[in-house]
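Asks: Compact mmCIF, C-alpha atoms, file protein.txt:
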```
# COMPACT_ATOMS: atom_id res chain seq x y z
CA LEU Z 2 -177.03 91.84 34.31
CA LEU Z 3 -177.96 88.62 32.60
CA PHE Z 4 -175.15 86.49 31.19
CA VAL Z 5 -176.94 85.26 28.08
CA VAL Z 6 -175.26 82.50 26.11
CA GLY Z 7 -176.28 79.76 23.71
CA THR Z 8 -178.83 79.71 20.94
CA VAL Z 9 -181.19 82.23 22.50
CA SER Z 10 -178.55 84.93 22.72
CA CYS Z 11 -177.38 84.35 19.17
CA THR Z 12 -180.92 84.69 17.86
CA LEU Z 13 -181.41 87.91 19.78
CA PHE Z 14 -178.06 89.30 18.67
CA LEU Z 15 -178.74 88.52 15.05
CA ALA Z 16 -182.14 90.16 15.18
CA VAL Z 17 -180.57 93.35 16.41
CA ASN Z 18 -177.27 93.27 14.60
CA GLY Z 19 -177.12 90.57 11.92
CA LEU Z 20 -173.84 90.27 10.05
CA TYR Z 21 -175.66 90.09 6.69
CA SER Z 22 -179.00 91.36 5.39
CA ALA Z 23 -181.15 91.02 2.28
CA SER Z 24 -179.63 94.21 0.86
CA ASP Z 25 -176.17 92.62 0.67
CA ASP Z 26 -174.90 90.61 -2.27
CA VAL Z 27 -174.10 87.79 0.17
CA VAL Z 28 -176.71 85.01 -0.04
CA GLU Z 29 -177.89 83.90 3.41
CA LEU Z 30 -177.90 80.11 3.48
CA THR Z 31 -179.85 77.83 5.81
CA PRO Z 32 -180.61 74.10 6.02
CA THR Z 33 -183.84 74.88 4.12
CA ASN Z 34 -182.24 76.44 1.03
CA PHE Z 35 -178.65 75.13 1.09
CA ASN Z 36 -179.26 72.04 -1.05
CA LYS Z 37 -181.20 73.93 -3.72
CA GLU Z 38 -178.97 77.04 -3.80
CA VAL Z 39 -175.53 75.41 -3.51
CA ILE Z 40 -175.53 71.63 -3.99
CA GLN Z 41 -177.84 71.59 -7.01
CA SER Z 42 -176.25 74.68 -8.55
CA GLU Z 43 -173.97 74.65 -11.56
CA SER Z 44 -172.24 77.76 -10.17
CA LEU Z 45 -169.06 78.00 -8.16
CA TRP Z 46 -169.83 78.98 -4.55
CA LEU Z 47 -167.76 80.53 -1.79
CA VAL Z 48 -169.49 79.92 1.55
CA GLU Z 49 -168.54 81.42 4.91
CA PHE Z 50 -169.62 79.54 8.05
CA TYR Z 51 -169.73 82.11 10.88
CA ALA Z 52 -171.01 82.87 14.37
CA PRO Z 53 -172.43 86.33 15.12
CA TRP Z 54 -170.44 86.60 18.38
CA CYS Z 55 -167.09 85.75 16.75
CA GLY Z 56 -164.74 88.75 16.54
CA HIS Z 57 -162.85 87.39 13.52
CA CYS Z 58 -166.18 86.94 11.70
CA GLN Z 59 -167.23 90.51 12.44
CA ARG Z 60 -163.93 91.79 11.03
CA LEU Z 61 -164.35 89.63 7.91
CA THR Z 62 -167.93 90.82 7.21
CA PRO Z 63 -167.17 94.06 5.29
CA GLU Z 64 -164.50 92.27 3.20
CA TRP Z 65 -166.89 89.39 2.47
CA LYS Z 66 -169.58 91.87 1.34
CA LYS Z 67 -167.11 93.71 -0.93
CA ALA Z 68 -165.99 90.42 -2.48
CA ALA Z 69 -169.63 89.37 -3.04
CA THR Z 70 -170.40 92.63 -4.82
CA ALA Z 71 -167.28 92.36 -6.99
CA LEU Z 72 -168.07 88.74 -7.93
CA LYS Z 73 -171.77 89.32 -8.58
CA GLY Z 74 -172.90 87.37 -11.65
CA VAL Z 75 -169.55 85.56 -11.78
CA VAL Z 76 -169.21 83.54 -8.56
CA LYS Z 77 -171.87 83.01 -5.88
CA VAL Z 78 -170.95 84.16 -2.37
CA GLY Z 79 -172.93 82.90 0.62
CA ALA Z 80 -172.89 82.83 4.42
CA VAL Z 81 -174.21 80.36 7.01
CA ASP Z 82 -174.85 81.29 10.64
CA ALA Z 83 -173.35 78.02 11.86
CA ASP Z 84 -174.06 78.88 15.48
CA LYS Z 85 -177.77 79.04 14.70
CA HIS Z 86 -177.66 76.17 12.17
CA GLN Z 87 -175.26 73.79 13.92
CA SER Z 88 -176.39 70.78 11.88
CA LEU Z 89 -175.28 72.50 8.66
CA GLY Z 90 -171.96 73.54 10.16
CA GLY Z 91 -171.46 70.05 11.54
CA GLN Z 92 -172.23 68.50 8.17
CA TYR Z 93 -169.19 70.28 6.72
CA GLY Z 94 -166.91 69.69 9.70
CA VAL Z 95 -166.90 73.30 10.91
CA ARG Z 96 -164.97 73.42 14.19
CA GLY Z 97 -164.02 77.11 14.37
CA PHE Z 98 -165.16 80.44 12.99
CA PRO Z 99 -164.99 81.76 10.39
CA THR Z 100 -164.55 78.71 8.13
CA ILE Z 101 -164.67 79.36 4.37
CA LYS Z 102 -165.33 76.57 1.87
CA ILE Z 103 -165.28 76.52 -1.93
CA PHE Z 104 -167.98 74.44 -3.62
CA GLY Z 105 -166.79 73.76 -7.16
CA ALA Z 106 -167.80 71.19 -9.78
CA ASN Z 107 -168.07 68.34 -7.28
CA LYS Z 108 -170.33 69.80 -4.61
CA ASN Z 109 -169.74 66.78 -2.37
CA LYS Z 110 -166.03 67.67 -2.14
CA ALA Z 111 -165.92 71.19 -0.80
CA GLU Z 112 -162.40 72.62 -0.47
CA ASP Z 113 -161.18 74.63 2.51
CA TYR Z 114 -160.16 78.20 1.69
CA GLN Z 115 -156.86 78.97 3.44
CA GLY Z 116 -156.09 82.36 1.90
CA GLY Z 117 -156.11 85.90 3.22
CA ARG Z 118 -159.15 87.59 4.75
CA THR Z 119 -159.18 90.67 2.50
CA SER Z 120 -161.64 91.18 -0.36
CA ASP Z 121 -158.73 91.18 -2.85
CA ALA Z 122 -157.45 87.80 -1.64
CA ILE Z 123 -160.96 86.31 -1.63
CA VAL Z 124 -161.69 87.52 -5.17
CA ASP Z 125 -158.33 86.20 -6.42
CA ALA Z 126 -159.03 82.75 -4.92
CA ALA Z 127 -162.55 82.72 -6.42
CA LEU Z 128 -161.29 83.55 -9.91
CA SER Z 129 -158.53 80.95 -9.62
CA ALA Z 130 -161.07 78.28 -8.62
CA LEU Z 131 -163.37 79.40 -11.42
CA ARG Z 132 -160.55 79.12 -13.94
CA SER Z 133 -159.85 75.54 -12.78
CA LEU Z 134 -163.53 74.64 -13.04
CA VAL Z 135 -163.79 75.98 -16.61
CA LYS Z 136 -160.53 74.23 -17.65
CA ASP Z 137 -161.87 70.94 -16.24
CA ARG Z 138 -165.08 71.34 -18.23
CA LEU Z 139 -163.06 72.07 -21.35
CA SER Z 140 -161.07 68.87 -20.92
CA GLY Z 141 -164.18 66.81 -20.13
CA ARG Z 142 -163.65 66.43 -16.39
CA SER Z 143 -166.97 67.54 -14.94
CA GLY Z 144 -166.37 66.73 -11.28
CA GLY Z 145 -168.88 63.89 -11.14
CA TYR Z 146 -172.04 65.70 -10.00
CA SER Z 147 -175.06 67.07 -11.76
CA SER Z 148 -178.00 68.83 -10.08
CA GLY Z 149 -176.79 67.59 -6.70
CA ARG Z 150 -177.15 63.89 -7.56
CA GLN Z 151 -174.18 61.58 -7.56
CA SER Z 152 -173.05 60.54 -11.01
CA ARG Z 153 -173.53 56.82 -11.61
CA GLU Z 154 -171.03 56.84 -14.48
CA SER Z 155 -167.94 57.38 -12.35
CA GLY Z 156 -167.58 53.62 -12.07
CA GLY Z 157 -166.82 51.63 -8.95
CA GLY Z 158 -166.37 54.61 -6.67
CA ASP Z 159 -170.04 55.14 -5.76
CA LYS Z 160 -170.25 52.66 -2.89
CA LYS Z 161 -166.57 52.40 -2.07
CA ASP Z 162 -167.00 53.71 1.47
CA VAL Z 163 -170.10 51.66 2.36
CA ILE Z 164 -168.93 48.57 4.24
CA GLU Z 165 -170.84 45.43 3.20
CA LEU Z 166 -171.49 43.20 6.24
CA THR Z 167 -172.63 39.57 6.42
CA ASP Z 168 -173.74 37.06 9.05
CA ASP Z 169 -170.11 35.94 9.29
CA SER Z 170 -168.40 39.36 9.39
CA PHE Z 171 -170.87 41.42 11.42
CA ASP Z 172 -169.85 40.58 15.00
CA LYS Z 173 -166.09 40.89 14.55
CA ASN Z 174 -166.51 44.26 12.83
CA VAL Z 175 -169.34 45.91 14.73
CA ILE Z 176 -169.83 44.41 18.18
CA ASN Z 177 -167.32 45.84 20.71
CA SER Z 178 -165.90 48.19 18.06
CA ASP Z 179 -164.76 51.52 19.46
CA ASP Z 180 -166.24 53.17 16.38
CA VAL Z 181 -169.87 54.10 15.81
CA TRP Z 182 -171.69 52.09 13.12
CA MET Z 183 -174.76 53.12 11.14
CA VAL Z 184 -176.02 49.96 9.45
CA GLU Z 185 -178.64 49.84 6.69
CA PHE Z 186 -180.57 46.57 6.36
CA TYR Z 187 -181.90 46.40 2.80
CA ALA Z 188 -183.50 44.13 0.21
CA PRO Z 189 -182.30 44.28 -3.41
CA TRP Z 190 -185.88 44.41 -4.76
CA CYS Z 191 -186.96 47.28 -2.46
CA GLY Z 192 -187.64 50.59 -4.26
CA HIS Z 193 -187.04 52.73 -1.16
CA CYS Z 194 -183.67 51.00 -0.72
CA LYS Z 195 -182.71 51.83 -4.30
CA ASN Z 196 -183.64 55.47 -3.70
CA LEU Z 197 -181.55 55.51 -0.52
CA GLU Z 198 -178.49 53.88 -2.11
CA PRO Z 199 -176.86 56.97 -3.72
CA GLU Z 200 -177.60 59.08 -0.61
CA TRP Z 201 -176.13 56.42 1.69
CA ALA Z 202 -173.04 56.07 -0.54
CA ALA Z 203 -172.41 59.82 -0.75
CA ALA Z 204 -172.93 60.20 3.01
CA ALA Z 205 -170.52 57.32 3.69
CA THR Z 206 -167.70 59.09 1.85
CA GLU Z 207 -168.34 62.43 3.54
CA VAL Z 208 -168.70 60.90 7.01
CA LYS Z 209 -165.52 58.86 6.59
CA GLU Z 210 -163.57 62.03 5.75
CA GLN Z 211 -165.07 64.26 8.42
CA THR Z 212 -164.87 61.75 11.29
CA LYS Z 213 -161.57 60.19 10.15
CA GLY Z 214 -163.30 56.81 10.03
CA LYS Z 215 -164.69 56.99 13.56
CA VAL Z 216 -168.28 56.74 12.27
CA LYS Z 217 -168.82 54.00 9.70
CA LEU Z 218 -171.72 53.48 7.30
CA ALA Z 219 -172.47 49.87 6.41
CA ALA Z 220 -175.08 47.80 4.58
CA VAL Z 221 -176.52 44.31 5.10
CA ASP Z 222 -178.51 42.44 2.46
CA ALA Z 223 -181.20 41.14 4.82
CA THR Z 224 -182.56 38.68 2.25
CA VAL Z 225 -179.23 36.83 2.24
CA ASN Z 226 -178.10 37.40 5.84
CA GLN Z 227 -181.26 36.19 7.51
CA MET Z 228 -179.60 35.42 10.84
CA LEU Z 229 -178.79 39.11 11.33
CA ALA Z 230 -182.22 40.17 10.09
CA SER Z 231 -183.84 37.86 12.62
CA ARG Z 232 -181.54 38.88 15.50
CA TYR Z 233 -182.40 42.58 15.08
CA GLY Z 234 -186.07 42.09 14.25
CA ILE Z 235 -185.92 43.57 10.75
CA ARG Z 236 -189.49 43.72 9.44
CA GLY Z 237 -189.31 46.40 6.73
CA PHE Z 238 -186.79 47.87 4.30
CA PRO Z 239 -184.70 49.86 4.53
CA THR Z 240 -184.15 49.74 8.31
CA ILE Z 241 -181.19 51.69 9.68
CA LYS Z 242 -179.76 50.90 13.12
CA ILE Z 243 -177.04 52.64 15.13
CA PHE Z 244 -174.51 50.53 17.03
CA GLN Z 245 -172.28 51.98 19.76
CA LYS Z 246 -169.96 50.07 22.07
CA GLY Z 247 -171.62 48.98 25.30
CA GLU Z 248 -175.10 50.09 24.22
CA ASP Z 249 -178.11 48.37 22.70
CA PRO Z 250 -178.64 49.24 19.03
CA VAL Z 251 -181.16 52.01 18.36
CA ASP Z 252 -183.24 52.75 15.28
CA TYR Z 253 -182.32 55.70 13.10
CA ASP Z 254 -185.56 57.50 12.37
CA GLY Z 255 -184.20 60.65 10.68
CA GLY Z 256 -184.45 61.83 7.09
CA ARG Z 257 -183.14 59.80 4.16
CA THR Z 258 -181.12 62.48 2.35
CA ARG Z 259 -177.36 62.54 2.52
CA SER Z 260 -177.45 65.79 4.51
CA ASP Z 261 -179.80 64.25 7.11
CA ILE Z 262 -177.61 61.16 7.41
CA ILE Z 263 -174.39 63.18 7.63
CA ALA Z 264 -175.86 65.49 10.28
CA ARG Z 265 -176.83 62.54 12.49
CA ALA Z 266 -173.45 60.86 11.95
CA LEU Z 267 -171.64 64.03 13.02
CA ASP Z 268 -173.84 64.32 16.10
CA LEU Z 269 -172.87 60.76 17.01
CA PHE Z 270 -169.24 61.65 16.35
CA SER Z 271 -169.34 64.71 18.62
CA ASP Z 272 -170.97 62.61 21.35
CA ASN Z 273 -168.01 60.25 21.15
CA ALA Z 274 -165.32 62.81 20.33
CA PRO Z 275 -162.59 63.69 22.84
CA PRO Z 276 -163.18 66.74 25.03
CA PRO Z 277 -161.65 70.11 24.10
CA GLU Z 278 -158.02 70.72 24.97
CA LEU Z 279 -157.29 72.15 28.40
CA LEU Z 280 -154.44 74.64 27.87
CA GLU Z 281 -152.16 76.39 30.34
CA ILE Z 282 -151.93 80.17 29.82
CA ILE Z 283 -148.22 80.41 29.07
CA SER Z 284 -148.46 83.33 26.63
CA GLU Z 285 -150.77 86.05 25.36
CA ASP Z 286 -151.31 84.06 22.16
CA VAL Z 287 -152.78 81.07 24.04
CA LEU Z 288 -155.31 83.27 25.84
CA LYS Z 289 -156.35 85.41 22.86
CA THR Z 290 -156.53 82.59 20.33
CA THR Z 291 -158.70 80.49 22.63
CA CYS Z 292 -161.00 83.27 23.82
CA ASP Z 293 -161.45 84.88 20.37
CA ALA Z 294 -162.37 81.57 18.75
CA HIS Z 295 -165.01 80.48 21.28
CA GLN Z 296 -168.20 82.00 22.60
CA LEU Z 297 -166.97 81.51 26.16
CA CYS Z 298 -163.58 80.65 27.57
CA ILE Z 299 -163.51 78.99 30.98
CA ILE Z 300 -160.41 80.01 32.96
CA SER Z 301 -159.32 78.37 36.23
CA VAL Z 302 -156.72 79.88 38.54
CA LEU Z 303 -155.23 77.00 40.53
CA PRO Z 304 -153.28 77.26 43.80
CA HIS Z 305 -149.49 77.57 43.71
CA ILE Z 306 -147.76 74.25 43.18
CA LEU Z 307 -146.15 74.49 46.65
CA ASP Z 308 -149.65 74.57 48.17
CA THR Z 309 -150.98 71.46 46.40
CA GLY Z 310 -148.12 69.44 44.97
CA ALA Z 311 -148.52 67.60 41.67
CA SER Z 312 -151.24 65.25 42.92
CA GLY Z 313 -153.42 68.11 44.23
CA ARG Z 314 -153.04 70.09 41.02
CA ASN Z 315 -153.83 67.06 38.88
CA SER Z 316 -157.02 66.46 40.86
CA TYR Z 317 -158.17 70.01 40.01
CA LEU Z 318 -157.23 69.52 36.34
CA ASP Z 319 -159.18 66.24 36.31
CA VAL Z 320 -162.30 68.07 37.49
CA MET Z 321 -161.87 70.59 34.66
CA LEU Z 322 -161.37 67.84 32.09
CA LYS Z 323 -164.56 66.10 33.24
CA MET Z 324 -166.49 69.35 32.87
CA ALA Z 325 -164.93 70.00 29.45
CA GLU Z 326 -166.14 66.55 28.41
CA LYS Z 327 -169.64 67.16 29.80
CA TYR Z 328 -170.01 70.52 28.02
CA LYS Z 329 -168.00 69.74 24.86
CA LYS Z 330 -170.97 70.35 22.54
CA LYS Z 331 -170.97 74.00 23.67
CA MET Z 332 -167.60 74.45 21.91
CA TRP Z 333 -166.15 76.51 24.75
CA GLY Z 334 -162.43 77.11 25.28
CA TRP Z 335 -160.74 75.79 28.45
CA LEU Z 336 -157.69 77.39 30.10
CA TRP Z 337 -155.85 77.39 33.42
CA THR Z 338 -153.04 79.25 35.14
CA GLU Z 339 -151.23 79.16 38.48
CA ALA Z 340 -152.06 81.67 41.20
CA GLY Z 341 -149.75 84.67 40.85
CA ALA Z 342 -148.46 83.75 37.38
CA GLN Z 343 -150.92 86.12 35.66
CA SER Z 344 -151.63 88.63 38.41
CA ASP Z 345 -152.93 91.31 36.00
CA LEU Z 346 -155.46 88.84 34.60
CA GLU Z 347 -156.54 87.90 38.12
CA SER Z 348 -157.06 91.54 39.03
CA SER Z 349 -159.16 92.21 35.92
CA LEU Z 350 -161.43 89.30 36.91
CA GLY Z 351 -161.58 90.10 40.62
CA ILE Z 352 -159.91 86.79 41.48
CA GLY Z 353 -157.62 86.21 44.42
CA GLY Z 354 -159.42 87.88 47.29
CA PHE Z 355 -161.50 84.84 48.15
CA GLY Z 356 -158.81 82.22 47.63
CA TYR Z 357 -157.91 79.54 45.16
CA PRO Z 358 -158.87 77.60 43.14
CA ALA Z 359 -161.08 80.08 41.29
CA MET Z 360 -162.93 79.97 37.98
CA ALA Z 361 -164.22 82.61 35.56
CA ALA Z 362 -166.20 82.32 32.33
CA ILE Z 363 -165.34 85.11 29.88
CA ASN Z 364 -167.28 86.35 26.87
CA ALA Z 365 -164.41 87.96 24.94
CA ARG Z 366 -166.75 89.69 22.47
CA LYS Z 367 -168.60 91.55 25.21
CA MET Z 368 -165.59 91.61 27.58
CA LYS Z 369 -167.82 90.40 30.39
CA PHE Z 370 -167.24 87.59 32.84
CA ALA Z 371 -169.00 85.52 35.47
CA LEU Z 372 -167.31 84.03 38.54
CA LEU Z 373 -167.80 80.63 40.12
CA LYS Z 374 -169.28 81.33 43.54
CA GLY Z 375 -169.78 77.72 44.59
CA SER Z 376 -167.23 75.01 45.30
CA PHE Z 377 -164.50 74.05 42.83
CA SER Z 378 -165.94 70.55 42.45
CA GLU Z 379 -167.81 68.63 39.78
CA GLN Z 380 -171.11 69.56 41.38
CA GLY Z 381 -170.24 73.22 42.00
CA ILE Z 382 -168.78 73.81 38.53
CA ASN Z 383 -171.62 71.91 36.86
CA GLU Z 384 -174.21 74.17 38.53
CA PHE Z 385 -172.20 77.25 37.48
CA LEU Z 386 -171.88 76.16 33.84
CA ARG Z 387 -175.48 74.93 33.64
CA GLU Z 388 -176.70 78.38 34.70
CA LEU Z 389 -174.52 80.01 32.05
CA SER Z 390 -175.69 77.61 29.35
CA VAL Z 391 -179.32 78.64 29.89
CA GLY Z 392 -178.54 82.36 30.03
CA ARG Z 393 -178.57 82.94 33.78
CA GLY Z 394 -175.87 84.19 36.14
CA SER Z 395 -174.58 87.61 37.09
CA THR Z 396 -171.77 89.17 35.09
CA ALA Z 397 -169.35 92.05 35.40
CA PRO Z 398 -167.18 93.88 32.85
CA VAL Z 399 -163.57 92.75 32.57
CA GLY Z 400 -161.40 95.29 34.39
CA GLY Z 401 -160.09 97.86 31.91
CA GLY Z 402 -162.47 96.62 29.20
CA ALA Z 403 -159.80 94.46 27.56
CA PHE Z 404 -157.50 91.60 28.38
CA PRO Z 405 -154.54 92.85 30.44
CA LYS Z 406 -150.88 92.10 29.80
CA ILE Z 407 -150.19 88.37 29.80
CA HIS Z 408 -146.76 87.24 30.93
CA SER Z 409 -144.90 84.51 29.07
CA VAL Z 410 -144.15 81.70 31.54
CA GLU Z 411 -142.63 78.25 31.39
CA PRO Z 412 -145.27 75.51 31.19
CA TRP Z 413 -145.74 73.35 34.28
CA ASP Z 414 -143.44 70.31 34.11
CA GLY Z 415 -145.90 68.05 35.93
CA LYS Z 416 -143.71 67.80 39.03
CA ASP Z 417 -144.03 68.92 42.64
CA GLY Z 418 -142.74 72.41 43.32
CA GLU Z 419 -139.41 73.08 45.00
CA LEU Z 420 -138.67 75.80 47.52
CA PRO Z 421 -136.01 78.26 46.36
CA VAL Z 422 -132.54 77.16 47.42
CA GLU Z 423 -131.03 79.45 50.07
CA ASP Z 424 -127.28 79.88 50.49
CA ASP Z 425 -125.92 77.91 53.46
CA ILE Z 426 -124.28 80.14 56.10
CA ASP Z 427 -121.03 78.79 57.52
CA LEU Z 428 -121.01 79.53 61.27
CA SER Z 429 -117.87 77.54 62.07
CA ASP Z 430 -115.68 80.66 62.45
CA VAL Z 431 -118.12 82.61 64.60
CA ASP Z 432 -117.68 82.70 68.39
CA LEU Z 433 -121.31 82.58 69.40
CA ASP Z 434 -120.53 83.43 73.02
CA ASP Z 435 -118.82 86.69 72.01
CA TRP Z 436 -121.64 87.43 69.56
CA GLU Z 437 -124.25 87.06 72.31
CA LYS Z 438 -122.22 89.35 74.64
CA ASP Z 439 -121.93 92.01 71.97
CA GLU Z 440 -125.64 91.87 71.38
CA LEU Z 441 -126.36 92.23 75.07
```
Re-express the file's structure as structure tokens.
Replies:
Amino acid sequence: LLFVVGTVSCTLFLAVNGLYSASDDVVELTPTNFNKEVIQSESLWLVEFYAPWCGHCQRLTPEWKKAATALKGVVKVGAVDADKHQSLGGQYGVRGFPTIKIFGANKNKAEDYQGGRTSDAIVDAALSALRSLVKDRLSGRSGGYSSGRQSRESGGGDKKDVIELTDDSFDKNVINSDDVWMVEFYAPWCGHCKNLEPEWAAAATEVKEQTKGKVKLAAVDATVNQMLASRYGIRGFPTIKIFQKGEDPVDYDGGRTRSDIIARALDLFSDNAPPPELLEIISEDVLKTTCDAHQLCIISVLPHILDTGASGRNSYLDVMLKMAEKYKKKMWGWLWTEAGAQSDLESSLGIGGFGYPAMAAINARKMKFALLKGSFSEQGINEFLRELSVGRGSTAPVGGGAFPKIHSVEPWDGKDGELPVEDDIDLSDVDLDDWEKDEL
């Protein structure tokens, strides 16, 4: 069997069994039509960002369709395959599936929907948001957007998140900063710069929110700050350069719309983001939550603490953390457990017979897994995960076709293990000579 993961598998799966089709009242949204359908629309939109392999998304699908039919002509209901269109999901900070967002009057300020996953709850939330939108219009608060372009009348707030840099302030702010900087070099008289300005400003606000300030958008008037313009060889306007700590600046050569800029900023953010959490399987909830929310969950079964001590265990965990960092863009889940702590899980994955440490990659939707056959080292695990990421590697069904019983255990305290204390036997009253004679 082929263990197919990644973009190829999602495309194949959708072709065979898409979650939505043209006959539904759910509008399929893509990077090609999103701006026109949603951002430039006067309508209220509810948009689901999903992945075809995600179990929670599959369970939501019939409810989402029912809600779309009920709201037809009242509120627009759409869906984005964010696994296939990762740039669009990234633009709106989608980190798990399904994520539902409400696009109201201000399309640049989508709200997260936190309500129930039934059609009734979705419809109630839509009508509540619609009521707020209409009330705002009645009172003259329009939300600040029209036809997808930022309102210039909102006063002072347009460029509030674009950091103006000068010859004097550039080095102390940008060079050696731990943050990523996207810097636009412009000239006030330049028509292309004027066209870029509202896109750059809107992107700056969105990027600041979604990266918590870790990616910054800035601007330099190159006609005034000629030392900077000369240092970076600015010959035309606008020129956008990307600055990252310890690296030479590189030119940004992407599109000039806010969505293009945001998508690149979020890519830079994910490149610099911390790796996924590595969680110990201490309960059924930890396992199911992690494996249901990710296309693959990578599970390591490490030797008993008495066999490795704390230092040995930490060296294995370090290897896993390095691999989680290397493959973080795959958005996989990462788990570990101690040998014997989850014996039913080990049995269902065929682990234990060939020793520890061991590693399995599980596709919880298909209930199939692949085992690491090579060494539990950076090189061995990298080869294993690289094969999986391109759709190769043999798989087997999880024993029993479902996750087995998971035992609740105390989390590891980070210390060396201790042998169980045995009761001391007091031999002071025993006449060993007589005992030996009796035995003889």
Asks: Excluding Glu285 (chain Z) and its own-chain neighbours fewer than 2 positions away, which residues fall within 8 Å of it when counting all atoms listed in the file? Please give them as a list of chain:residue names.
Replies: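 Neighbouring residues, sequence-local ones excluded: Z:Ile282, Z:Ile283, Z:Val287, Z:Leu288, Z:Lys289, Z:Lys406, Z:Ile407, Z:His408, Z:Ser409.
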Asks: Which residues, written as an NGL selection string, have at least one atom at most 12 Å from region 65-68 of chain Z, with all atoms listed in the file counted and residues fewer than 5 positions away on the same chain left out?
Replies: :Z and (20-29 or 47-51 or 57-60 or 73-80 or 99 or 101 or 117-128)
Asks: Any idea what the distance is between CA of Asp180 (chain Z) and CA of Arg257 (chain Z)?
Replies: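 So the two atoms, CA of Asp180 (chain Z) and CA of Arg257 (chain Z), lie 21.9 Å apart.
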Asks: So that I can see what lies close to Trp201 (chain Z), please list as an mmCIF file with C-alpha atoms, in the coordinates of the input the residues with an atom at most 9 Å from it, counting all atoms listed in the file and leaving out residues fewer than 2 positions away in the same chain.
Replies:
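Full text of selection28.cif as output:
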```cif
data_model
loop_
_atom_site.group_PDB
_atom_site.id
_atom_site.type_symbol
_atom_site.label_atom_id
_atom_site.label_comp_id
_atom_site.auth_asym_id
_atom_site.auth_seq_id
_atom_site.Cartn_x
_atom_site.Cartn_y
_atom_site.Cartn_z
ATOM 1 C CA LYS Z 160 -170.250 52.660 -2.890
ATOM 2 C CA VAL Z 163 -170.100 51.660 2.360
ATOM 3 C CA GLU Z 185 -178.640 49.840 6.690
ATOM 4 C CA LEU Z 197 -181.550 55.510 -0.520
ATOM 5 C CA GLU Z 198 -178.490 53.880 -2.110
ATOM 6 C CA PRO Z 199 -176.860 56.970 -3.720
ATOM 7 C CA ALA Z 203 -172.410 59.820 -0.750
ATOM 8 C CA ALA Z 204 -172.930 60.200 3.010
ATOM 9 C CA ALA Z 205 -170.520 57.320 3.690
ATOM 10 C CA THR Z 206 -167.700 59.090 1.850
ATOM 11 C CA LEU Z 218 -171.720 53.480 7.300
ATOM 12 C CA ALA Z 219 -172.470 49.870 6.410
ATOM 13 C CA ARG Z 257 -183.140 59.800 4.160
ATOM 14 C CA THR Z 258 -181.120 62.480 2.350
ATOM 15 C CA ARG Z 259 -177.360 62.540 2.520
ATOM 16 C CA ILE Z 262 -177.610 61.160 7.410
#
```
Asks: Near Met332 (chain Z), counting only C-alpha atoms, which residues have an atom at most 10 Å away, once you skip same-chain residues fewer than 4 positions from it, shown as a ChimeraX atom specification?
Replies: /Z:96-97,276-277,294-298,325,328
Asks: Check which residues of region 238-330 of chain Z sit at most 12 Å from region 371-377 of chain Z using only C-alpha atoms, and return one row each with the closest pair of atoms and their distance in Å to one decimal, ordered by chain and rising number, as CSV.
Replies:
```
residue,atom,partner,partner_atom,distance
Z:Leu297,CA,Z:Ala371,CA,10.3
Z:Cys298,CA,Z:Ala371,CA,10.7
Z:Ile299,CA,Z:Ala371,CA,9.6
Z:Ile300,CA,Z:Leu372,CA,9.7
Z:Ser301,CA,Z:Phe377,CA,9.4
Z:Val302,CA,Z:Phe377,CA,10.6
Z:Leu303,CA,Z:Phe377,CA,10.0
Z:Pro304,CA,Z:Phe377,CA,11.7
Z:Ser316,CA,Z:Phe377,CA,10.8
Z:Tyr317,CA,Z:Phe377,CA,8.0
Z:Leu318,CA,Z:Phe377,CA,10.7
Z:Asp319,CA,Z:Phe377,CA,11.5
Z:Val320,CA,Z:Phe377,CA,8.3
Z:Met321,CA,Z:Phe377,CA,9.3
Z:Met324,CA,Z:Phe377,CA,11.2
```
Asks: With 4 Å added on each side, what axis-aligned box encloses every listed atom of region 31-43 of chain Z? Give the centre and edge lengths in Å to one decimal, as AutoDock Vina command-line options.
Replies:
```
--center_x -178.9 --center_y 74.7 --center_z -2.8 --size_x 17.9 --size_y 14.2 --size_z 25.6
```
Asks: Distance CA of Arg366 (chain Z)-CA of Asp84 (chain Z), one decimal place?
Replies: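 Answer for the CA of Arg366 (chain Z) to CA of Asp84 (chain Z) separation: 14.8 Å.
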Asks: Rank nothing, just name the residue among Z:Glu38, Z:Lys323, Z:Gln87, Z:His305 nearest to Gly356 (chain Z), using all atoms listed in the file.
Replies: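 Ranking Z:Glu38, Z:Lys323, Z:Gln87, Z:His305 by distance to Gly356 (chain Z), first place goes to Z:His305.
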Asks: Can you tell me how far CA of Val81 (chain Z) sits from CA of Glu210 (chain Z), in Å to one decimal?
Replies: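 Computed distance, CA of Val81 (chain Z) to CA of Glu210 (chain Z), equals 21.2 Å.
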Asks: Fewer than 2 positions away in the same chain doesn't count, so skip those; otherwise give me all residues within 10 Å of Trp413 (chain Z), counting all atoms listed in the file, as an MDAnalysis selection string.
Replies: chainID Z and resid 281 283 306 311 338:339 410:411 415:418
Asks: Enumerate, as a list in words, the protein, DNA and RNA residues whose atoms approach (-175.9, 51.3, 13.4) to within 7 Å, taking into account only C-alpha atoms and the coordinate frame of the file.
Replies: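 It turns out the residues near that spot are Trp182, Met183, Val184, Ile241, Lys242, Ile243, Phe244 and Pro250 of chain Z.
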Asks: Take the point (-173.6, 45.8, 23.0) in the file's coordinates, draw a sphere of radius 12 Å around it, and report as a list of chain:residue names every protein, DNA or RNA residue with an atom inside or on it, counting all atoms listed in the file.
Replies: Z:Asp172, Z:Val175, Z:Ile176, Z:Asn177, Z:Ser178, Z:Asp179, Z:Val181, Z:Trp182, Z:Ile243, Z:Phe244, Z:Gln245, Z:Lys246, Z:Gly247, Z:Glu248, Z:Asp249, Z:Pro250, Z:Val251
